$ cat target-v5.pdb   # PDB, C-alpha atoms
ATOM      1  CA  MET G 272     -10.551 -35.305 189.367  1.00  0.00           C
ATOM      2  CA  ILE G 273     -14.073 -33.915 189.416  1.00  0.00           C
ATOM      3  CA  ASP G 274     -14.851 -31.256 186.805  1.00  0.00           C
ATOM      4  CA  ARG G 275     -17.198 -28.372 187.747  1.00  0.00           C
ATOM      5  CA  LYS G 276     -19.327 -29.005 184.666  1.00  0.00           C
ATOM      6  CA  ASP G 277     -20.038 -32.512 185.986  1.00  0.00           C
ATOM      7  CA  ILE G 278     -21.703 -31.311 189.200  1.00  0.00           C
ATOM      8  CA  TYR G 279     -24.553 -29.017 190.162  1.00  0.00           C
ATOM      9  CA  LYS G 280     -25.515 -27.258 193.377  1.00  0.00           C
ATOM     10  CA  ILE G 281     -28.160 -28.905 195.542  1.00  0.00           C
ATOM     11  CA  GLY G 282     -27.881 -26.857 198.730  1.00  0.00           C
ATOM     12  CA  VAL G 283     -25.676 -25.526 201.505  1.00  0.00           C
ATOM     13  CA  PHE G 284     -24.417 -26.752 204.878  1.00  0.00           C
ATOM     14  CA  ASN G 285     -25.528 -24.237 207.479  1.00  0.00           C
ATOM     15  CA  LYS G 286     -23.948 -25.033 210.834  1.00  0.00           C
ATOM     16  CA  PRO G 287     -23.126 -27.972 213.096  1.00  0.00           C
ATOM     17  CA  HIS G 288     -25.954 -29.727 214.894  1.00  0.00           C
ATOM     18  CA  GLY G 289     -25.032 -31.219 218.256  1.00  0.00           C
ATOM     19  CA  VAL G 290     -21.589 -32.474 219.246  1.00  0.00           C
ATOM     20  CA  ASN G 291     -21.191 -35.588 217.076  1.00  0.00           C
ATOM     21  CA  GLY G 292     -20.392 -33.910 213.750  1.00  0.00           C
ATOM     22  CA  GLU G 293     -23.845 -33.627 212.204  1.00  0.00           C
ATOM     23  CA  LEU G 294     -24.480 -30.680 209.901  1.00  0.00           C
ATOM     24  CA  GLN G 295     -27.668 -28.790 209.183  1.00  0.00           C
ATOM     25  CA  PHE G 296     -28.245 -28.982 205.447  1.00  0.00           C
ATOM     26  CA  THR G 297     -30.649 -26.760 203.505  1.00  0.00           C
ATOM     27  CA  PHE G 298     -31.303 -28.326 200.114  1.00  0.00           C
ATOM     28  CA  THR G 299     -32.961 -27.132 196.931  1.00  0.00           C
ATOM     29  CA  ASP G 300     -32.921 -30.616 195.403  1.00  0.00           C
ATOM     30  CA  ASP G 301     -33.481 -33.848 197.330  1.00  0.00           C
ATOM     31  CA  ILE G 302     -31.701 -35.943 194.691  1.00  0.00           C
ATOM     32  CA  PHE G 303     -29.339 -37.271 197.386  1.00  0.00           C
ATOM     33  CA  ASP G 304     -32.396 -38.983 198.894  1.00  0.00           C
ATOM     34  CA  ARG G 305     -33.780 -40.326 195.599  1.00  0.00           C
ATOM     35  CA  VAL G 306     -30.846 -41.938 193.813  1.00  0.00           C
ATOM     36  CA  ASP G 307     -28.190 -44.396 194.901  1.00  0.00           C
ATOM     37  CA  CYS G 308     -25.063 -42.317 195.457  1.00  0.00           C
ATOM     38  CA  ASP G 309     -22.929 -42.569 198.611  1.00  0.00           C
ATOM     39  CA  PHE G 310     -21.354 -39.128 198.424  1.00  0.00           C
ATOM     40  CA  ILE G 311     -21.904 -35.422 197.964  1.00  0.00           C
ATOM     41  CA  ILE G 312     -19.378 -32.841 196.810  1.00  0.00           C
ATOM     42  CA  CYS G 313     -18.223 -29.667 198.560  1.00  0.00           C
ATOM     43  CA  MET G 314     -15.996 -26.932 197.196  1.00  0.00           C
ATOM     44  CA  ILE G 315     -12.856 -26.800 199.334  1.00  0.00           C
ATOM     45  CA  ASP G 316     -10.460 -23.990 198.365  1.00  0.00           C
ATOM     46  CA  GLY G 317     -12.160 -23.866 194.957  1.00  0.00           C
ATOM     47  CA  ILE G 318     -11.696 -27.594 194.317  1.00  0.00           C
ATOM     48  CA  PRO G 319     -14.634 -30.046 194.201  1.00  0.00           C
ATOM     49  CA  VAL G 320     -14.025 -32.678 196.898  1.00  0.00           C
ATOM     50  CA  PRO G 321     -16.256 -35.731 197.450  1.00  0.00           C
ATOM     51  CA  PHE G 322     -17.405 -36.592 200.971  1.00  0.00           C
ATOM     52  CA  PHE G 323     -19.066 -39.875 201.841  1.00  0.00           C
ATOM     53  CA  VAL G 324     -22.380 -39.532 203.642  1.00  0.00           C
ATOM     54  CA  GLU G 325     -22.419 -41.738 206.721  1.00  0.00           C
ATOM     55  CA  GLU G 326     -26.092 -41.028 207.414  1.00  0.00           C
ATOM     56  CA  TYR G 327     -28.736 -38.355 207.088  1.00  0.00           C
ATOM     57  CA  ARG G 328     -32.210 -37.549 208.403  1.00  0.00           C
ATOM     58  CA  ILE G 329     -34.741 -35.450 206.544  1.00  0.00           C
ATOM     59  CA  ARG G 330     -36.233 -32.844 208.891  1.00  0.00           C
ATOM     60  CA  SER G 331     -38.533 -31.006 206.485  1.00  0.00           C
ATOM     61  CA  GLY G 332     -39.101 -30.507 202.769  1.00  0.00           C
ATOM     62  CA  THR G 333     -35.926 -28.414 202.522  1.00  0.00           C
ATOM     63  CA  THR G 334     -33.717 -29.384 205.483  1.00  0.00           C
ATOM     64  CA  ALA G 335     -31.838 -32.424 206.673  1.00  0.00           C
ATOM     65  CA  LEU G 336     -29.199 -33.375 209.204  1.00  0.00           C
ATOM     66  CA  VAL G 337     -26.169 -34.932 207.516  1.00  0.00           C
ATOM     67  CA  LYS G 338     -23.289 -36.885 209.051  1.00  0.00           C
ATOM     68  CA  LEU G 339     -20.196 -37.040 206.830  1.00  0.00           C
ATOM     69  CA  ASP G 340     -17.683 -39.853 207.143  1.00  0.00           C
ATOM     70  CA  GLY G 341     -14.698 -38.681 209.221  1.00  0.00           C
ATOM     71  CA  VAL G 342     -16.463 -35.628 210.614  1.00  0.00           C
ATOM     72  CA  ASP G 343     -16.988 -36.764 214.199  1.00  0.00           C
ATOM     73  CA  ASP G 344     -17.233 -33.626 216.311  1.00  0.00           C
ATOM     74  CA  ALA G 345     -18.693 -30.122 216.257  1.00  0.00           C
ATOM     75  CA  CYS G 346     -15.284 -28.522 215.660  1.00  0.00           C
ATOM     76  CA  ARG G 347     -14.694 -30.452 212.403  1.00  0.00           C
ATOM     77  CA  ALA G 348     -18.318 -29.938 211.381  1.00  0.00           C
ATOM     78  CA  ALA G 349     -17.926 -26.167 211.884  1.00  0.00           C
ATOM     79  CA  MET G 350     -15.403 -26.148 209.010  1.00  0.00           C
ATOM     80  CA  PHE G 351     -18.334 -26.847 206.659  1.00  0.00           C
ATOM     81  CA  THR G 352     -20.481 -23.910 207.822  1.00  0.00           C
ATOM     82  CA  ASN G 353     -21.903 -22.032 204.791  1.00  0.00           C
ATOM     83  CA  THR G 354     -20.311 -24.503 202.354  1.00  0.00           C
ATOM     84  CA  ASP G 355     -22.167 -25.133 199.094  1.00  0.00           C
ATOM     85  CA  VAL G 356     -23.111 -28.757 198.440  1.00  0.00           C
ATOM     86  CA  TYR G 357     -23.050 -30.274 194.955  1.00  0.00           C
ATOM     87  CA  PHE G 358     -24.162 -33.524 193.372  1.00  0.00           C
ATOM     88  CA  PRO G 359     -22.713 -35.414 190.367  1.00  0.00           C
ATOM     89  CA  ARG G 360     -24.759 -34.968 187.185  1.00  0.00           C
ATOM     90  CA  LYS G 361     -23.977 -38.491 185.988  1.00  0.00           C
ATOM     91  CA  TYR G 362     -26.491 -39.947 188.441  1.00  0.00           C
ATOM     92  CA  LEU G 363     -29.220 -37.949 186.725  1.00  0.00           C
ATOM     93  CA  ASP G 364     -27.916 -38.882 183.310  1.00  0.00           C
ATOM     94  CA  GLU G 365     -28.472 -42.554 184.134  1.00  0.00           C
ATOM     95  CA  GLY G 366     -32.215 -42.533 183.544  1.00  0.00           C
ATOM     96  CA  HIS G 367     -33.427 -40.209 186.283  1.00  0.00           C
ATOM     97  CA  ASP G 368     -34.854 -37.536 183.966  1.00  0.00           C
ATOM     98  CA  ASP G 369     -38.050 -37.404 186.033  1.00  0.00           C
ATOM     99  CA  PHE G 370     -36.075 -35.933 188.908  1.00  0.00           C
ATOM    100  CA  LEU G 371     -34.272 -33.004 187.293  1.00  0.00           C
ATOM    101  CA  SER G 372     -34.211 -29.846 189.365  1.00  0.00           C
ATOM    102  CA  TRP G 373     -33.820 -26.400 187.823  1.00  0.00           C
ATOM    103  CA  ASN G 374     -30.313 -26.096 189.302  1.00  0.00           C
ATOM    104  CA  TYR G 375     -29.263 -28.996 187.106  1.00  0.00           C
ATOM    105  CA  PHE G 376     -29.321 -26.604 184.133  1.00  0.00           C
ATOM    106  CA  GLU G 377     -26.685 -24.186 185.492  1.00  0.00           C
ATOM    107  CA  GLY G 378     -23.904 -24.055 182.934  1.00  0.00           C
ATOM    108  CA  PHE G 379     -26.154 -24.993 180.003  1.00  0.00           C
ATOM    109  CA  LYS G 380     -25.890 -22.902 176.842  1.00  0.00           C
ATOM    110  CA  VAL G 381     -29.101 -21.018 175.997  1.00  0.00           C
ATOM    111  CA  THR G 382     -30.125 -20.465 172.399  1.00  0.00           C
ATOM    112  CA  ASP G 383     -33.210 -18.943 170.799  1.00  0.00           C
ATOM    113  CA  VAL G 384     -34.743 -20.146 167.526  1.00  0.00           C
ATOM    114  CA  THR G 385     -34.643 -16.562 166.175  1.00  0.00           C
ATOM    115  CA  HIS G 386     -31.563 -14.976 167.768  1.00  0.00           C
ATOM    116  CA  GLY G 387     -29.262 -17.999 168.048  1.00  0.00           C
ATOM    117  CA  GLU G 388     -26.918 -18.250 171.024  1.00  0.00           C
ATOM    118  CA  ILE G 389     -27.840 -15.980 173.926  1.00  0.00           C
ATOM    119  CA  GLY G 390     -25.527 -17.057 176.744  1.00  0.00           C
ATOM    120  CA  VAL G 391     -25.113 -19.509 179.608  1.00  0.00           C
ATOM    121  CA  VAL G 392     -27.369 -20.225 182.585  1.00  0.00           C
ATOM    122  CA  THR G 393     -25.476 -18.766 185.557  1.00  0.00           C
ATOM    123  CA  GLY G 394     -28.180 -19.176 188.176  1.00  0.00           C
ATOM    124  CA  VAL G 395     -31.785 -20.046 188.882  1.00  0.00           C
ATOM    125  CA  ASP G 396     -34.371 -17.914 190.665  1.00  0.00           C
ATOM    126  CA  SER G 397     -37.050 -20.230 191.973  1.00  0.00           C
ATOM    127  CA  SER G 398     -38.203 -17.983 194.803  1.00  0.00           C
ATOM    128  CA  THR G 399     -41.572 -17.423 193.124  1.00  0.00           C
ATOM    129  CA  ALA G 400     -44.001 -19.621 191.206  1.00  0.00           C
ATOM    130  CA  ASN G 401     -42.381 -18.427 187.951  1.00  0.00           C
ATOM    131  CA  VAL G 402     -38.900 -19.936 187.732  1.00  0.00           C
ATOM    132  CA  LEU G 403     -36.324 -17.749 185.957  1.00  0.00           C
ATOM    133  CA  PHE G 404     -32.934 -18.607 184.494  1.00  0.00           C
ATOM    134  CA  ASN G 405     -30.201 -16.003 184.989  1.00  0.00           C
ATOM    135  CA  VAL G 406     -28.423 -15.976 181.621  1.00  0.00           C
ATOM    136  CA  ARG G 407     -25.162 -14.151 180.870  1.00  0.00           C
ATOM    137  CA  ASN G 408     -23.331 -13.817 177.575  1.00  0.00           C
ATOM    138  CA  ALA G 409     -19.578 -13.466 177.006  1.00  0.00           C
ATOM    139  CA  ALA G 410     -19.890  -9.650 176.914  1.00  0.00           C
ATOM    140  CA  GLY G 411     -21.392  -9.663 180.419  1.00  0.00           C
ATOM    141  CA  GLN G 412     -24.982  -8.838 179.420  1.00  0.00           C
ATOM    142  CA  GLU G 413     -27.536 -10.536 181.651  1.00  0.00           C
ATOM    143  CA  TRP G 414     -31.156 -11.557 181.201  1.00  0.00           C
ATOM    144  CA  LEU G 415     -33.821 -13.244 183.266  1.00  0.00           C
ATOM    145  CA  ILE G 416     -35.549 -15.808 181.084  1.00  0.00           C
ATOM    146  CA  PRO G 417     -38.779 -17.429 182.263  1.00  0.00           C
ATOM    147  CA  VAL G 418     -38.684 -21.197 182.324  1.00  0.00           C
ATOM    148  CA  HIS G 419     -41.954 -22.420 180.887  1.00  0.00           C
ATOM    149  CA  GLU G 420     -42.718 -25.453 178.759  1.00  0.00           C
ATOM    150  CA  ASP G 421     -44.562 -23.284 176.206  1.00  0.00           C
ATOM    151  CA  ILE G 422     -41.343 -21.504 175.183  1.00  0.00           C
ATOM    152  CA  ILE G 423     -38.814 -24.343 175.582  1.00  0.00           C
ATOM    153  CA  GLU G 424     -38.218 -25.897 172.171  1.00  0.00           C
ATOM    154  CA  SER G 425     -35.705 -28.559 173.203  1.00  0.00           C
ATOM    155  CA  ILE G 426     -33.232 -29.652 175.850  1.00  0.00           C
ATOM    156  CA  ASP G 427     -30.081 -31.479 174.806  1.00  0.00           C
ATOM    157  CA  LYS G 428     -28.420 -32.892 177.920  1.00  0.00           C
ATOM    158  CA  ASP G 429     -25.467 -34.317 175.979  1.00  0.00           C
ATOM    159  CA  ARG G 430     -24.609 -30.945 174.423  1.00  0.00           C
ATOM    160  CA  ARG G 431     -25.753 -29.115 177.591  1.00  0.00           C
ATOM    161  CA  GLU G 432     -27.981 -26.798 175.585  1.00  0.00           C
ATOM    162  CA  ILE G 433     -31.520 -25.443 175.953  1.00  0.00           C
ATOM    163  CA  THR G 434     -33.297 -23.971 172.950  1.00  0.00           C
ATOM    164  CA  PHE G 435     -36.098 -21.480 173.541  1.00  0.00           C
ATOM    165  CA  ASP G 436     -38.643 -19.818 171.273  1.00  0.00           C
ATOM    166  CA  LEU G 437     -38.658 -16.541 173.182  1.00  0.00           C
ATOM    167  CA  PRO G 438     -41.368 -13.894 172.793  1.00  0.00           C
ATOM    168  CA  ASP G 439     -40.380 -10.834 170.745  1.00  0.00           C
ATOM    169  CA  GLY G 440     -38.701  -8.171 172.842  1.00  0.00           C
ATOM    170  CA  LEU G 441     -37.816 -10.411 175.786  1.00  0.00           C
ATOM    171  CA  VAL G 442     -34.168 -10.518 174.747  1.00  0.00           C
ATOM    172  CA  ASN G 443     -32.934  -7.641 172.641  1.00  0.00           C
ATOM    173  CA  LEU G 444     -29.549  -8.755 171.315  1.00  0.00           C
ATOM    174  CA  ASP G 445     -29.347  -5.894 168.828  1.00  0.00           C
ATOM    175  CA  GLU G 446     -28.946  -3.184 171.435  1.00  0.00           C
ATOM    176  CA  SER G 447     -27.203  -0.393 169.624  1.00  0.00           C
ATOM    177  CA  GLU G 448     -28.035   2.530 171.837  1.00  0.00           C
ATOM    178  CA  GLU G 449     -26.509   5.606 170.302  1.00  0.00           C
ATOM    179  CA  VAL G 450     -27.072   8.917 171.998  1.00  0.00           C
TER     180      VAL G 450
END
$ encode --input "target-v5.pdb" --output "structure tokens"
Amino acid sequence: MIDRKDIYKIGVFNKPHGVNGELQFTFTDDIFDRVDCDFIICMIDGIPVPFFVEEYRIRSGTTALVKLDGVDDACRAAMFTNTDVYFPRKYLDEGHDDFLSWNYFEGFKVTDVTHGEIGVVTGVDSSTANVLFNVRNAAGQEWLIPVHEDIIESIDKDRREITFDLPDGLVNLDESEEV
């Protein structure tokens, strides 16, 4: 069985393309094109399910047409419309560190050298030149933390932890607002 912590999101299937079961795929990470892995993973009823990729064609820097094994017509392909697509982390852990995307770090624990544990990366905002991690703690507090090499102290892939040296005031963990 595939565990959610062992996969990370690389894109979404949009809609069927043509009548032979191809799907339009918008990706945020082209890892499926760079490493030797025959399958991708989709969440079906909340369960990660692997699907073998029969073939694919890159259309642009962020889109591809994908044909999944056993999906042979537009009706079956339509079942995948707006389905998130994931990739197994283990293929990156096998010496492909040069190819890490920011989405790979979802689920990593975030700590600061001064404040200690802050929370967990719950999402990535890469819509601008300054990439931000969405970080949430157990109490539900959320922060946007800039991802920049100047403030990243270390990354431990085995422990799934990122340690930052955050600027003063960026994360105020001692919020005791009394009125």
$ resolve_selection --input "target-v5.pdb" --expression "the PyMOL selection byres ((chain G and resi 398-408) around 10)" --output "count of residues only"
29
$ closest_atom_pairs --input "target-v5.pdb" --of "range 350-450 of chain G" --to "range 309-315 of chain G" --cutoff "10 Å" --atoms "all atoms listed in the file" --output "JSON lines"
{"residue": "G:Phe351", "atom": "CA", "partner": "G:Cys313", "partner_atom": "CA", "distance": 8.6}
{"residue": "G:Thr354", "atom": "CA", "partner": "G:Cys313", "partner_atom": "CA", "distance": 6.7}
{"residue": "G:Asp355", "atom": "CA", "partner": "G:Cys313", "partner_atom": "CA", "distance": 6.0}
{"residue": "G:Val356", "atom": "CA", "partner": "G:Cys313", "partner_atom": "CA", "distance": 5.0}
{"residue": "G:Tyr357", "atom": "CA", "partner": "G:Ile312", "partner_atom": "CA", "distance": 4.8}
{"residue": "G:Phe358", "atom": "CA", "partner": "G:Ile311", "partner_atom": "CA", "distance": 5.5}
{"residue": "G:Pro359", "atom": "CA", "partner": "G:Ile311", "partner_atom": "CA", "distance": 7.6}
$ residues_around --input "target-v5.pdb" --residues "Thr352 in chain G" --least-positions-apart "3" --cutoff "6 Å" --atoms "all atoms listed in the file" --output "list in words"
Phe284, Asn285, Lys286 and Ala349 of chain G
$ write_last_selection --input "target-v5.pdb" --atoms "C-alpha atoms" --output "compact mmCIF listing (two decimals), in the coordinates of the input"
# COMPACT_ATOMS: atom_id res chain seq x y z
CA PHE G 284 -24.42 -26.75 204.88
CA ASN G 285 -25.53 -24.24 207.48
CA LYS G 286 -23.95 -25.03 210.83
CA ALA G 349 -17.93 -26.17 211.88
$ atom_distance --input "target-v5.pdb" --atom1 "CA of Val324 in chain G" --atom2 "CA of Val337 in chain G"
7.1 Å
$ residues_near_point --input "target-v5.pdb" --point "(-33.3, -25.9, 207.6)" --cutoff "12 Å" --atoms "all atoms listed in the file" --output "PyMOL selection string"
chain G and resi 282-288+294-299+328-337
$ atom_distance --input "target-v5.pdb" --atom1 "CA of Pro319 in chain G" --atom2 "CA of Asp277 in chain G"
10.1 Å
$ atom_distance --input "target-v5.pdb" --atom1 "CA of Thr385 in chain G" --atom2 "CA of Val442 in chain G"
10.5 Å
$ closest_residue --input "target-v5.pdb" --among "G:Phe435, G:Tyr375, G:Tyr327, G:Phe322" --to "Tyr362 in chain G" --atoms "only C-alpha atoms"
G:Tyr375
$ closest_residue --input "target-v5.pdb" --among "G:Glu293, G:Ile281, G:Asp429, G:Gly440" --to "Ala348 in chain G" --atoms "only C-alpha atoms"
G:Glu293
$ residues_around --input "target-v5.pdb" --residues "Asp436 in chain G" --least-positions-apart "4" --cutoff "9 Å" --atoms "only C-alpha atoms" --output "ChimeraX atom specification"
/G:382-385,421-424
$ resolve_selection --input "target-v5.pdb" --expression "the PyMOL selection byres ((chain G and resi 343) around 7)" --output "PDB file with C-alpha atoms, in the coordinates of the input"
ATOM      1  CA  ASN G 291     -21.191 -35.588 217.076  1.00  0.00           C
ATOM      2  CA  GLY G 292     -20.392 -33.910 213.750  1.00  0.00           C
ATOM      3  CA  GLY G 341     -14.698 -38.681 209.221  1.00  0.00           C
ATOM      4  CA  VAL G 342     -16.463 -35.628 210.614  1.00  0.00           C
ATOM      5  CA  ASP G 344     -17.233 -33.626 216.311  1.00  0.00           C
ATOM      6  CA  ARG G 347     -14.694 -30.452 212.403  1.00  0.00           C
TER       7      ARG G 347
END
$ decode --input "target-v5.pdb" --residues "range 330-402 of chain G" --atoms "C-alpha atoms" --output "compact mmCIF listing (two decimals), in the first residue's frame"
# COMPACT_ATOMS: atom_id res chain seq x y z
CA ARG G 330 3.14 20.04 -25.20
CA SER G 331 4.73 22.96 -23.35
CA GLY G 332 6.79 23.69 -20.26
CA THR G 333 3.81 22.92 -18.02
CA THR G 334 1.45 20.68 -20.04
CA ALA G 335 1.49 17.21 -21.51
CA LEU G 336 -0.90 14.69 -22.99
CA VAL G 337 -0.85 11.43 -21.03
CA LYS G 338 -2.24 8.02 -21.97
CA LEU G 339 -2.77 5.71 -18.99
CA ASP G 340 -2.77 1.94 -19.39
CA GLY G 341 -6.37 0.67 -19.54
CA VAL G 342 -7.89 4.08 -20.19
CA ASP G 343 -8.86 3.67 -23.84
CA ASP G 344 -11.73 6.07 -24.48
CA ALA G 345 -12.90 9.57 -23.62
CA CYS G 346 -15.55 8.29 -21.20
CA ARG G 347 -12.98 6.49 -19.00
CA ALA G 348 -10.57 9.41 -19.32
CA ALA G 349 -13.31 11.80 -18.12
CA MET G 350 -13.25 10.01 -14.75
CA PHE G 351 -9.82 11.58 -14.17
CA THR G 352 -10.92 15.18 -14.81
CA ASN G 353 -9.53 17.49 -12.08
CA THR G 354 -7.68 14.61 -10.40
CA ASP G 355 -4.43 15.46 -8.62
CA VAL G 356 -1.37 13.57 -9.84
CA TYR G 357 1.39 12.44 -7.49
CA PHE G 358 4.84 10.92 -7.86
CA PRO G 359 6.74 8.55 -5.52
CA ARG G 360 9.42 10.29 -3.46
CA LYS G 361 11.70 7.25 -3.53
CA TYR G 362 12.71 8.01 -7.12
CA LEU G 363 14.09 11.35 -5.94
CA ASP G 364 15.73 9.75 -2.95
CA GLU G 365 17.78 7.56 -5.28
CA GLY G 366 20.31 10.22 -6.21
CA HIS G 367 18.16 12.73 -8.06
CA ASP G 368 18.69 15.62 -5.62
CA ASP G 369 19.38 17.99 -8.52
CA PHE G 370 15.77 17.64 -9.60
CA LEU G 371 13.85 18.42 -6.42
CA SER G 372 10.81 20.62 -6.90
CA TRP G 373 9.38 22.76 -4.11
CA ASN G 374 6.31 20.50 -3.90
CA TYR G 375 8.61 17.70 -2.79
CA PHE G 376 8.85 19.41 0.62
CA GLU G 377 5.11 19.26 1.42
CA GLY G 378 4.78 17.36 4.68
CA PHE G 379 8.27 18.28 5.91
CA LYS G 380 8.60 19.55 9.48
CA VAL G 381 9.85 23.15 9.70
CA THR G 382 12.09 24.25 12.54
CA ASP G 383 13.90 27.50 13.29
CA VAL G 384 17.30 27.72 14.98
CA THR G 385 15.86 30.17 17.55
CA HIS G 386 12.22 29.11 18.01
CA GLY G 387 12.49 25.35 17.47
CA GLU G 388 9.63 23.53 15.77
CA ILE G 389 7.25 25.80 13.88
CA GLY G 390 4.98 23.42 11.98
CA VAL G 391 4.62 21.41 8.78
CA VAL G 392 4.76 22.52 5.14
CA THR G 393 1.15 22.22 3.94
CA GLY G 394 1.57 23.87 0.56
CA VAL G 395 3.84 25.81 -1.75
CA ASP G 396 3.14 29.16 -3.40
CA SER G 397 5.39 29.43 -6.42
CA SER G 398 3.20 31.85 -8.36
CA THR G 399 5.78 34.62 -8.02
CA ALA G 400 9.57 34.78 -8.19
CA ASN G 401 9.68 34.46 -4.38
CA VAL G 402 8.62 30.92 -3.46
